[in-house]
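Asks: You'll find input-v1.cif just under this line, and it carries mmCIF, N, CA and C atoms.
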data_target
#
loop_
_atom_site.group_PDB
_atom_site.id
_atom_site.type_symbol
_atom_site.label_atom_id
_atom_site.label_comp_id
_atom_site.auth_asym_id
_atom_site.auth_seq_id
_atom_site.Cartn_x
_atom_site.Cartn_y
_atom_site.Cartn_z
ATOM 1 N N MET A 11 -63.133 9.221 -23.755
ATOM 2 C CA MET A 11 -64.407 9.673 -23.247
ATOM 3 C C MET A 11 -64.201 11.047 -22.618
ATOM 4 N N THR A 12 -65.035 12.019 -22.978
ATOM 5 C CA THR A 12 -64.905 13.367 -22.447
ATOM 6 C C THR A 12 -65.518 13.454 -21.068
ATOM 7 N N ALA A 13 -65.262 14.561 -20.374
ATOM 8 C CA ALA A 13 -65.774 14.743 -19.022
ATOM 9 C C ALA A 13 -67.294 14.731 -18.987
ATOM 10 N N LYS A 14 -67.944 15.140 -20.067
ATOM 11 C CA LYS A 14 -69.400 15.195 -20.092
ATOM 12 C C LYS A 14 -70.029 13.916 -20.622
ATOM 13 N N SER A 15 -69.211 12.935 -20.985
ATOM 14 C CA SER A 15 -69.747 11.673 -21.467
ATOM 15 C C SER A 15 -70.423 10.935 -20.333
ATOM 16 N N ARG A 16 -71.358 10.080 -20.705
ATOM 17 C CA ARG A 16 -72.108 9.305 -19.723
ATOM 18 C C ARG A 16 -71.954 7.829 -20.032
ATOM 19 N N MET A 17 -71.712 7.039 -19.020
ATOM 20 C CA MET A 17 -71.577 5.594 -19.188
ATOM 21 C C MET A 17 -72.967 4.996 -19.363
ATOM 22 N N VAL A 18 -73.115 4.155 -20.373
ATOM 23 C CA VAL A 18 -74.374 3.460 -20.623
ATOM 24 C C VAL A 18 -74.067 1.970 -20.607
ATOM 25 N N GLY A 19 -74.746 1.242 -19.748
ATOM 26 C CA GLY A 19 -74.513 -0.192 -19.643
ATOM 27 C C GLY A 19 -75.279 -0.959 -20.700
ATOM 28 N N LEU A 20 -74.751 -2.105 -21.070
ATOM 29 C CA LEU A 20 -75.400 -2.960 -22.054
ATOM 30 C C LEU A 20 -75.215 -4.406 -21.610
ATOM 31 N N ARG A 21 -76.299 -5.113 -21.472
ATOM 32 C CA ARG A 21 -76.247 -6.522 -21.109
ATOM 33 C C ARG A 21 -76.229 -7.328 -22.410
ATOM 34 N N ALA A 22 -75.274 -8.264 -22.520
ATOM 35 C CA ALA A 22 -75.148 -9.070 -23.739
ATOM 36 C C ALA A 22 -74.715 -10.479 -23.362
ATOM 37 N N THR A 23 -75.070 -11.429 -24.205
ATOM 38 C CA THR A 23 -74.590 -12.798 -23.998
ATOM 39 C C THR A 23 -73.097 -12.828 -24.307
ATOM 40 N N SER A 24 -72.434 -13.879 -23.875
ATOM 41 C CA SER A 24 -71.001 -14.036 -24.170
ATOM 42 C C SER A 24 -70.765 -14.081 -25.672
ATOM 43 N N GLU A 25 -71.678 -14.745 -26.372
ATOM 44 C CA GLU A 25 -71.543 -14.863 -27.822
ATOM 45 C C GLU A 25 -71.685 -13.502 -28.506
ATOM 46 N N ASP A 26 -72.684 -12.727 -28.060
ATOM 47 C CA ASP A 26 -72.874 -11.395 -28.636
ATOM 48 C C ASP A 26 -71.679 -10.502 -28.342
ATOM 49 N N ALA A 27 -71.184 -10.538 -27.113
ATOM 50 C CA ALA A 27 -70.032 -9.712 -26.732
ATOM 51 C C ALA A 27 -68.813 -10.073 -27.587
ATOM 52 N N ALA A 28 -68.605 -11.358 -27.814
ATOM 53 C CA ALA A 28 -67.479 -11.786 -28.653
ATOM 54 C C ALA A 28 -67.663 -11.306 -30.087
ATOM 55 N N LEU A 29 -68.889 -11.365 -30.571
ATOM 56 C CA LEU A 29 -69.186 -10.897 -31.927
ATOM 57 C C LEU A 29 -68.923 -9.396 -32.046
ATOM 58 N N PHE A 30 -69.359 -8.624 -31.049
ATOM 59 C CA PHE A 30 -69.129 -7.173 -31.058
ATOM 60 C C PHE A 30 -67.626 -6.874 -31.061
ATOM 61 N N THR A 31 -66.883 -7.603 -30.244
ATOM 62 C CA THR A 31 -65.431 -7.400 -30.170
ATOM 63 C C THR A 31 -64.777 -7.727 -31.502
ATOM 64 N N GLN A 32 -65.188 -8.822 -32.119
ATOM 65 C CA GLN A 32 -64.627 -9.215 -33.416
ATOM 66 C C GLN A 32 -64.933 -8.156 -34.478
ATOM 67 N N ALA A 33 -66.158 -7.687 -34.511
ATOM 68 C CA ALA A 33 -66.534 -6.652 -35.485
ATOM 69 C C ALA A 33 -65.733 -5.378 -35.250
ATOM 70 N N ALA A 34 -65.554 -5.024 -33.996
ATOM 71 C CA ALA A 34 -64.784 -3.816 -33.669
ATOM 72 C C ALA A 34 -63.343 -3.953 -34.137
ATOM 73 N N GLU A 35 -62.742 -5.105 -33.858
ATOM 74 C CA GLU A 35 -61.354 -5.335 -34.277
ATOM 75 C C GLU A 35 -61.218 -5.255 -35.794
ATOM 76 N N GLN A 36 -62.182 -5.823 -36.510
ATOM 77 C CA GLN A 36 -62.140 -5.775 -37.968
ATOM 78 C C GLN A 36 -62.279 -4.344 -38.488
ATOM 79 N N SER A 37 -62.947 -3.508 -37.707
ATOM 80 C CA SER A 37 -63.124 -2.102 -38.092
ATOM 81 C C SER A 37 -61.983 -1.225 -37.606
ATOM 82 N N GLY A 38 -61.084 -1.794 -36.817
ATOM 83 C CA GLY A 38 -59.970 -1.015 -36.279
ATOM 84 C C GLY A 38 -60.389 -0.096 -35.140
ATOM 85 N N LEU A 39 -61.458 -0.446 -34.460
ATOM 86 C CA LEU A 39 -61.978 0.375 -33.376
ATOM 87 C C LEU A 39 -61.968 -0.410 -32.067
ATOM 88 N N THR A 40 -62.057 0.322 -30.980
ATOM 89 C CA THR A 40 -62.300 -0.353 -29.717
ATOM 90 C C THR A 40 -63.747 -0.835 -29.734
ATOM 91 N N THR A 41 -64.051 -1.793 -28.885
ATOM 92 C CA THR A 41 -65.427 -2.292 -28.827
ATOM 93 C C THR A 41 -66.375 -1.161 -28.449
ATOM 94 N N SER A 42 -65.966 -0.322 -27.512
ATOM 95 C CA SER A 42 -66.794 0.795 -27.079
ATOM 96 C C SER A 42 -67.072 1.760 -28.237
ATOM 97 N N SER A 43 -66.031 2.109 -28.992
ATOM 98 C CA SER A 43 -66.207 3.023 -30.132
ATOM 99 C C SER A 43 -67.083 2.400 -31.202
ATOM 100 N N TRP A 44 -66.873 1.115 -31.460
ATOM 101 C CA TRP A 44 -67.679 0.424 -32.465
ATOM 102 C C TRP A 44 -69.150 0.427 -32.076
ATOM 103 N N MET A 45 -69.425 0.112 -30.821
ATOM 104 C CA MET A 45 -70.807 0.085 -30.349
ATOM 105 C C MET A 45 -71.425 1.481 -30.413
ATOM 106 N N ARG A 46 -70.671 2.489 -29.977
ATOM 107 C CA ARG A 46 -71.170 3.865 -29.988
ATOM 108 C C ARG A 46 -71.510 4.301 -31.408
ATOM 109 N N GLU A 47 -70.606 4.067 -32.357
ATOM 110 C CA GLU A 47 -70.846 4.482 -33.746
ATOM 111 C C GLU A 47 -72.051 3.764 -34.348
ATOM 112 N N ASN A 48 -72.136 2.467 -34.119
ATOM 113 C CA ASN A 48 -73.223 1.692 -34.709
ATOM 114 C C ASN A 48 -74.565 1.996 -34.062
ATOM 115 N N LEU A 49 -74.595 2.131 -32.749
ATOM 116 C CA LEU A 49 -75.845 2.465 -32.080
ATOM 117 C C LEU A 49 -76.319 3.862 -32.458
ATOM 118 N N LYS A 50 -75.384 4.794 -32.571
ATOM 119 C CA LYS A 50 -75.758 6.163 -32.959
ATOM 120 C C LYS A 50 -76.341 6.173 -34.371
ATOM 121 N N SER A 51 -75.715 5.456 -35.264
ATOM 122 C CA SER A 51 -76.198 5.401 -36.645
ATOM 123 C C SER A 51 -77.617 4.843 -36.711
ATOM 124 N N ILE A 52 -77.850 3.766 -35.979
ATOM 125 C CA ILE A 52 -79.182 3.157 -35.970
ATOM 126 C C ILE A 52 -80.202 4.097 -35.334
ATOM 127 N N ALA A 53 -79.817 4.748 -34.232
ATOM 128 C CA ALA A 53 -80.741 5.659 -33.539
ATOM 129 C C ALA A 53 -81.091 6.859 -34.416
ATOM 130 N N LEU A 54 -80.103 7.434 -35.095
ATOM 131 C CA LEU A 54 -80.381 8.572 -35.984
ATOM 132 C C LEU A 54 -81.349 8.171 -37.086
ATOM 133 N N LYS A 55 -81.143 6.992 -37.640
ATOM 134 C CA LYS A 55 -82.028 6.538 -38.707
ATOM 135 C C LYS A 55 -83.435 6.294 -38.175
ATOM 136 N N GLN A 56 -83.532 5.660 -37.019
ATOM 137 C CA GLN A 56 -84.847 5.344 -36.466
ATOM 138 C C GLN A 56 -85.593 6.590 -36.009
ATOM 139 N N VAL A 57 -84.918 7.477 -35.286
ATOM 140 C CA VAL A 57 -85.587 8.639 -34.702
ATOM 141 C C VAL A 57 -85.798 9.754 -35.718
ATOM 142 N N TYR A 58 -84.780 10.019 -36.545
ATOM 143 C CA TYR A 58 -84.847 11.175 -37.443
ATOM 144 C C TYR A 58 -84.914 10.810 -38.912
ATOM 145 N N GLY A 59 -84.873 9.532 -39.220
ATOM 146 C CA GLY A 59 -84.906 9.125 -40.621
ATOM 147 C C GLY A 59 -83.629 9.490 -41.352
ATOM 148 N N LYS A 60 -82.525 9.619 -40.610
ATOM 149 C CA LYS A 60 -81.243 9.990 -41.218
ATOM 150 C C LYS A 60 -80.243 8.875 -40.963
ATOM 151 N N ASP A 61 -79.249 8.793 -41.841
ATOM 152 C CA ASP A 61 -78.181 7.846 -41.583
ATOM 153 C C ASP A 61 -76.869 8.605 -41.456
ATOM 154 N N GLU A 62 -75.809 7.880 -41.217
ATOM 155 C CA GLU A 62 -74.510 8.490 -40.982
ATOM 156 C C GLU A 62 -73.794 8.903 -42.266
ATOM 157 N N SER A 63 -74.446 8.800 -43.424
ATOM 158 C CA SER A 63 -73.769 9.161 -44.669
ATOM 159 C C SER A 63 -73.425 10.645 -44.701
ATOM 160 N N GLY A 64 -74.186 11.430 -43.967
ATOM 161 C CA GLY A 64 -73.885 12.843 -43.829
ATOM 162 C C GLY A 64 -73.889 13.201 -42.361
ATOM 163 N N ASN A 65 -73.309 14.316 -42.037
ATOM 164 C CA ASN A 65 -73.298 14.728 -40.643
ATOM 165 C C ASN A 65 -74.695 15.130 -40.203
ATOM 166 N N PHE A 66 -74.990 14.920 -38.945
ATOM 167 C CA PHE A 66 -76.270 15.337 -38.403
ATOM 168 C C PHE A 66 -75.997 16.339 -37.301
ATOM 169 N N PRO A 67 -76.651 17.448 -37.270
ATOM 170 C CA PRO A 67 -77.563 17.948 -38.290
ATOM 171 C C PRO A 67 -76.808 18.319 -39.564
ATOM 172 N N SER A 68 -77.472 18.171 -40.696
ATOM 173 C CA SER A 68 -76.776 18.325 -41.972
ATOM 174 C C SER A 68 -76.998 19.674 -42.639
ATOM 175 N N THR A 69 -77.932 20.475 -42.146
ATOM 176 C CA THR A 69 -78.170 21.789 -42.738
ATOM 177 C C THR A 69 -78.168 22.841 -41.631
ATOM 178 N N PRO A 70 -77.948 24.107 -42.000
ATOM 179 C CA PRO A 70 -78.009 25.163 -40.985
ATOM 180 C C PRO A 70 -79.373 25.222 -40.288
ATOM 181 N N GLY A 71 -80.442 24.941 -41.037
ATOM 182 C CA GLY A 71 -81.777 24.949 -40.438
ATOM 183 C C GLY A 71 -81.925 23.861 -39.384
ATOM 184 N N GLU A 72 -81.415 22.660 -39.697
ATOM 185 C CA GLU A 72 -81.469 21.574 -38.725
ATOM 186 C C GLU A 72 -80.634 21.913 -37.498
ATOM 187 N N THR A 73 -79.496 22.560 -37.717
ATOM 188 C CA THR A 73 -78.648 22.961 -36.587
ATOM 189 C C THR A 73 -79.392 23.935 -35.689
ATOM 190 N N ALA A 74 -80.035 24.918 -36.278
ATOM 191 C CA ALA A 74 -80.788 25.907 -35.491
ATOM 192 C C ALA A 74 -81.935 25.252 -34.736
ATOM 193 N N LEU A 75 -82.652 24.347 -35.404
ATOM 194 C CA LEU A 75 -83.757 23.662 -34.744
ATOM 195 C C LEU A 75 -83.259 22.771 -33.614
ATOM 196 N N MET A 76 -82.147 22.077 -33.840
ATOM 197 C CA MET A 76 -81.599 21.214 -32.797
ATOM 198 C C MET A 76 -81.160 22.046 -31.592
ATOM 199 N N ARG A 77 -80.564 23.198 -31.852
ATOM 200 C CA ARG A 77 -80.186 24.081 -30.739
ATOM 201 C C ARG A 77 -81.414 24.533 -29.966
ATOM 202 N N ALA A 78 -82.500 24.830 -30.685
ATOM 203 C CA ALA A 78 -83.747 25.237 -30.021
ATOM 204 C C ALA A 78 -84.265 24.119 -29.128
ATOM 205 N N VAL A 79 -84.203 22.887 -29.609
ATOM 206 C CA VAL A 79 -84.639 21.747 -28.807
ATOM 207 C C VAL A 79 -83.769 21.618 -27.558
ATOM 208 N N LEU A 80 -82.451 21.759 -27.723
ATOM 209 C CA LEU A 80 -81.547 21.639 -26.581
ATOM 210 C C LEU A 80 -81.793 22.732 -25.546
ATOM 211 N N VAL A 81 -82.050 23.951 -26.000
ATOM 212 C CA VAL A 81 -82.358 25.042 -25.067
ATOM 213 C C VAL A 81 -83.639 24.727 -24.298
ATOM 214 N N ILE A 82 -84.628 24.230 -25.007
ATOM 215 C CA ILE A 82 -85.891 23.862 -24.360
ATOM 216 C C ILE A 82 -85.642 22.799 -23.295
ATOM 217 N N LEU A 83 -84.886 21.769 -23.653
ATOM 218 C CA LEU A 83 -84.643 20.682 -22.720
ATOM 219 C C LEU A 83 -83.789 21.123 -21.531
ATOM 220 N N GLN A 84 -82.856 22.031 -21.744
ATOM 221 C CA GLN A 84 -82.019 22.518 -20.650
ATOM 222 C C GLN A 84 -82.794 23.406 -19.695
ATOM 223 N N THR A 85 -83.878 24.012 -20.159
ATOM 224 C CA THR A 85 -84.679 24.908 -19.338
ATOM 225 C C THR A 85 -85.473 24.141 -18.288
ATOM 226 N N VAL A 86 -85.813 22.898 -18.613
ATOM 227 C CA VAL A 86 -86.633 22.093 -17.716
ATOM 228 C C VAL A 86 -85.752 21.469 -16.643
ATOM 229 N N GLY A 87 -86.133 21.680 -15.396
ATOM 230 C CA GLY A 87 -85.406 21.101 -14.266
ATOM 231 C C GLY A 87 -86.345 20.322 -13.374
ATOM 232 N N VAL A 88 -85.801 19.767 -12.310
ATOM 233 C CA VAL A 88 -86.627 18.971 -11.397
ATOM 234 C C VAL A 88 -87.675 19.813 -10.696
ATOM 235 N N ASP A 89 -87.419 21.111 -10.563
ATOM 236 C CA ASP A 89 -88.376 21.982 -9.882
ATOM 237 C C ASP A 89 -89.391 22.619 -10.840
ATOM 238 N N THR A 90 -89.351 22.247 -12.114
ATOM 239 C CA THR A 90 -90.288 22.772 -13.103
ATOM 240 C C THR A 90 -91.637 22.086 -12.940
ATOM 241 N N SER A 91 -92.712 22.873 -13.010
ATOM 242 C CA SER A 91 -94.048 22.298 -12.847
ATOM 243 C C SER A 91 -94.363 21.335 -13.985
ATOM 244 N N ASP A 92 -95.273 20.395 -13.712
ATOM 245 C CA ASP A 92 -95.653 19.420 -14.729
ATOM 246 C C ASP A 92 -96.259 20.082 -15.954
ATOM 247 N N GLU A 93 -97.041 21.132 -15.752
ATOM 248 C CA GLU A 93 -97.651 21.823 -16.896
ATOM 249 C C GLU A 93 -96.580 22.494 -17.755
ATOM 250 N N THR A 94 -95.605 23.125 -17.107
ATOM 251 C CA THR A 94 -94.523 23.761 -17.861
ATOM 252 C C THR A 94 -93.702 22.707 -18.601
ATOM 253 N N LYS A 95 -93.441 21.569 -17.952
ATOM 254 C CA LYS A 95 -92.717 20.479 -18.616
ATOM 255 C C LYS A 95 -93.487 20.008 -19.845
ATOM 256 N N ARG A 96 -94.811 19.884 -19.720
ATOM 257 C CA ARG A 96 -95.640 19.447 -20.841
ATOM 258 C C ARG A 96 -95.556 20.446 -21.992
ATOM 259 N N LEU A 97 -95.621 21.747 -21.665
ATOM 260 C CA LEU A 97 -95.530 22.772 -22.701
ATOM 261 C C LEU A 97 -94.188 22.724 -23.417
ATOM 262 N N TYR A 98 -93.096 22.591 -22.639
ATOM 263 C CA TYR A 98 -91.773 22.494 -23.242
ATOM 264 C C TYR A 98 -91.641 21.223 -24.082
ATOM 265 N N ALA A 99 -92.204 20.112 -23.599
ATOM 266 C CA ALA A 99 -92.146 18.853 -24.354
ATOM 267 C C ALA A 99 -92.880 18.997 -25.683
ATOM 268 N N GLU A 100 -94.024 19.666 -25.674
ATOM 269 C CA GLU A 100 -94.771 19.883 -26.915
ATOM 270 C C GLU A 100 -93.986 20.775 -27.868
ATOM 271 N N LYS A 101 -93.365 21.820 -27.324
ATOM 272 C CA LYS A 101 -92.571 22.728 -28.153
ATOM 273 C C LYS A 101 -91.379 21.979 -28.761
ATOM 274 N N ALA A 102 -90.699 21.173 -27.957
ATOM 275 C CA ALA A 102 -89.567 20.393 -28.462
ATOM 276 C C ALA A 102 -90.029 19.411 -29.530
ATOM 277 N N ALA A 103 -91.182 18.769 -29.304
ATOM 278 C CA ALA A 103 -91.712 17.815 -30.281
ATOM 279 C C ALA A 103 -92.002 18.500 -31.613
ATOM 280 N N ARG A 104 -92.535 19.721 -31.554
ATOM 281 C CA ARG A 104 -92.792 20.462 -32.802
ATOM 282 C C ARG A 104 -91.485 20.761 -33.538
ATOM 283 N N GLN A 105 -90.446 21.129 -32.794
ATOM 284 C CA GLN A 105 -89.148 21.403 -33.423
ATOM 285 C C GLN A 105 -88.578 20.134 -34.053
ATOM 286 N N ILE A 106 -88.701 19.010 -33.340
ATOM 287 C CA ILE A 106 -88.201 17.748 -33.862
ATOM 288 C C ILE A 106 -88.945 17.357 -35.124
ATOM 289 N N GLU A 107 -90.249 17.576 -35.164
ATOM 290 C CA GLU A 107 -91.024 17.276 -36.379
ATOM 291 C C GLU A 107 -90.528 18.127 -37.550
ATOM 292 N N LYS A 108 -90.190 19.375 -37.292
ATOM 293 C CA LYS A 108 -89.660 20.236 -38.359
ATOM 294 C C LYS A 108 -88.343 19.674 -38.884
ATOM 295 N N ILE A 109 -87.511 19.164 -37.977
ATOM 296 C CA ILE A 109 -86.246 18.568 -38.387
ATOM 297 C C ILE A 109 -86.515 17.342 -39.255
ATOM 298 N N LYS A 110 -87.471 16.506 -38.836
ATOM 299 C CA LYS A 110 -87.784 15.282 -39.565
ATOM 300 C C LYS A 110 -88.235 15.567 -40.996
ATOM 301 N N VAL A 111 -89.019 16.625 -41.186
ATOM 302 C CA VAL A 111 -89.515 16.924 -42.533
ATOM 303 C C VAL A 111 -88.562 17.821 -43.321
ATOM 304 N N GLY A 112 -87.460 18.203 -42.687
ATOM 305 C CA GLY A 112 -86.434 18.968 -43.399
ATOM 306 C C GLY A 112 -86.681 20.441 -43.490
ATOM 307 N N GLU A 113 -87.450 21.012 -42.579
ATOM 308 C CA GLU A 113 -87.686 22.465 -42.593
ATOM 309 C C GLU A 113 -86.512 23.203 -41.986
#
How does this structure look as structure tokens?

Replies:
Amino acid sequence: MTAKSRMVGLRATSEDAALFTQAAEQSGLTTSSWMRENLKSIALKQVYGKDESGNFPSTPGETALMRAVLVILQTVGVDTSDETKRLYAEKAARQIEKIKVGE
């Protein structure tokens, strides 16, 4: 885990936790790595309509758009007005839509 990584908790039954551990072992991964890879794959598919078969972002255009979204999100702080946050959120949403349609 890198210095900028963030811990995310997950509540699971004993049976589910054992299943995750077994799947991870079969994949040759730690349980944490297995969960991270699988959750990321599902999230990319759900949010962006992409799967892990290719790297994301997969084109230079997607990379540029993703960077634009990140700059927008980094600009917003706790002291940013609600109207400015709304404007940035709309701008980020437009960039994300462009990524989704492959522009």

Asks: Can you tell me, as a PyMOL selection string, what residues are no more than 12 Å from stretch 22-36 of chain A when counting only C-alpha atoms, ignoring any on the same chain fewer than 3 positions away?

Replies: chain A and resi 19+39-49

Asks: May I ask for the distance between atom CA of A:Ala102 and atom CA of A:Val79, given in Å to one decimal place?

Replies: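 For atom CA of A:Ala102 relative to atom CA of A:Val79, the distance reads 5.1 Å.
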
Asks: Which value, in Å to one decimal, gives the distance between atom CA of A:Met76 and atom N of A:Lys55?

Replies: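 Interatomic distance, atom CA of A:Met76 to atom N of A:Lys55: 15.0 Å.
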
Asks: Report, in Å with one decimal, the straight-line distance from atom CA of A:Val57 to atom CA of A:Asp89.

Replies: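 Separating atom CA of A:Val57 from atom CA of A:Asp89 is a distance of 28.3 Å.
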
Asks: Fewer than 5 positions away in the same chain doesn't count, so skip those; otherwise give me all residues within 7 Å of A:Ile106, counting only N, CA and C atoms, as a PyMOL selection string.

Replies: chain A and resi 75+79+101+111

Asks: Using the file's own x, y and z axes, so that the box edges lie along x, y and z, what centre and edge lengths in Å (one decimal) does a box around every listed atom of stretch 96-106 of chain A get when 5 Å is added on each side? Give it as JSON.

Replies:
{"center_x": -91.9, "center_y": 20.1, "center_z": -27.4, "size_x": 17.4, "size_y": 15.4, "size_z": 25.4}
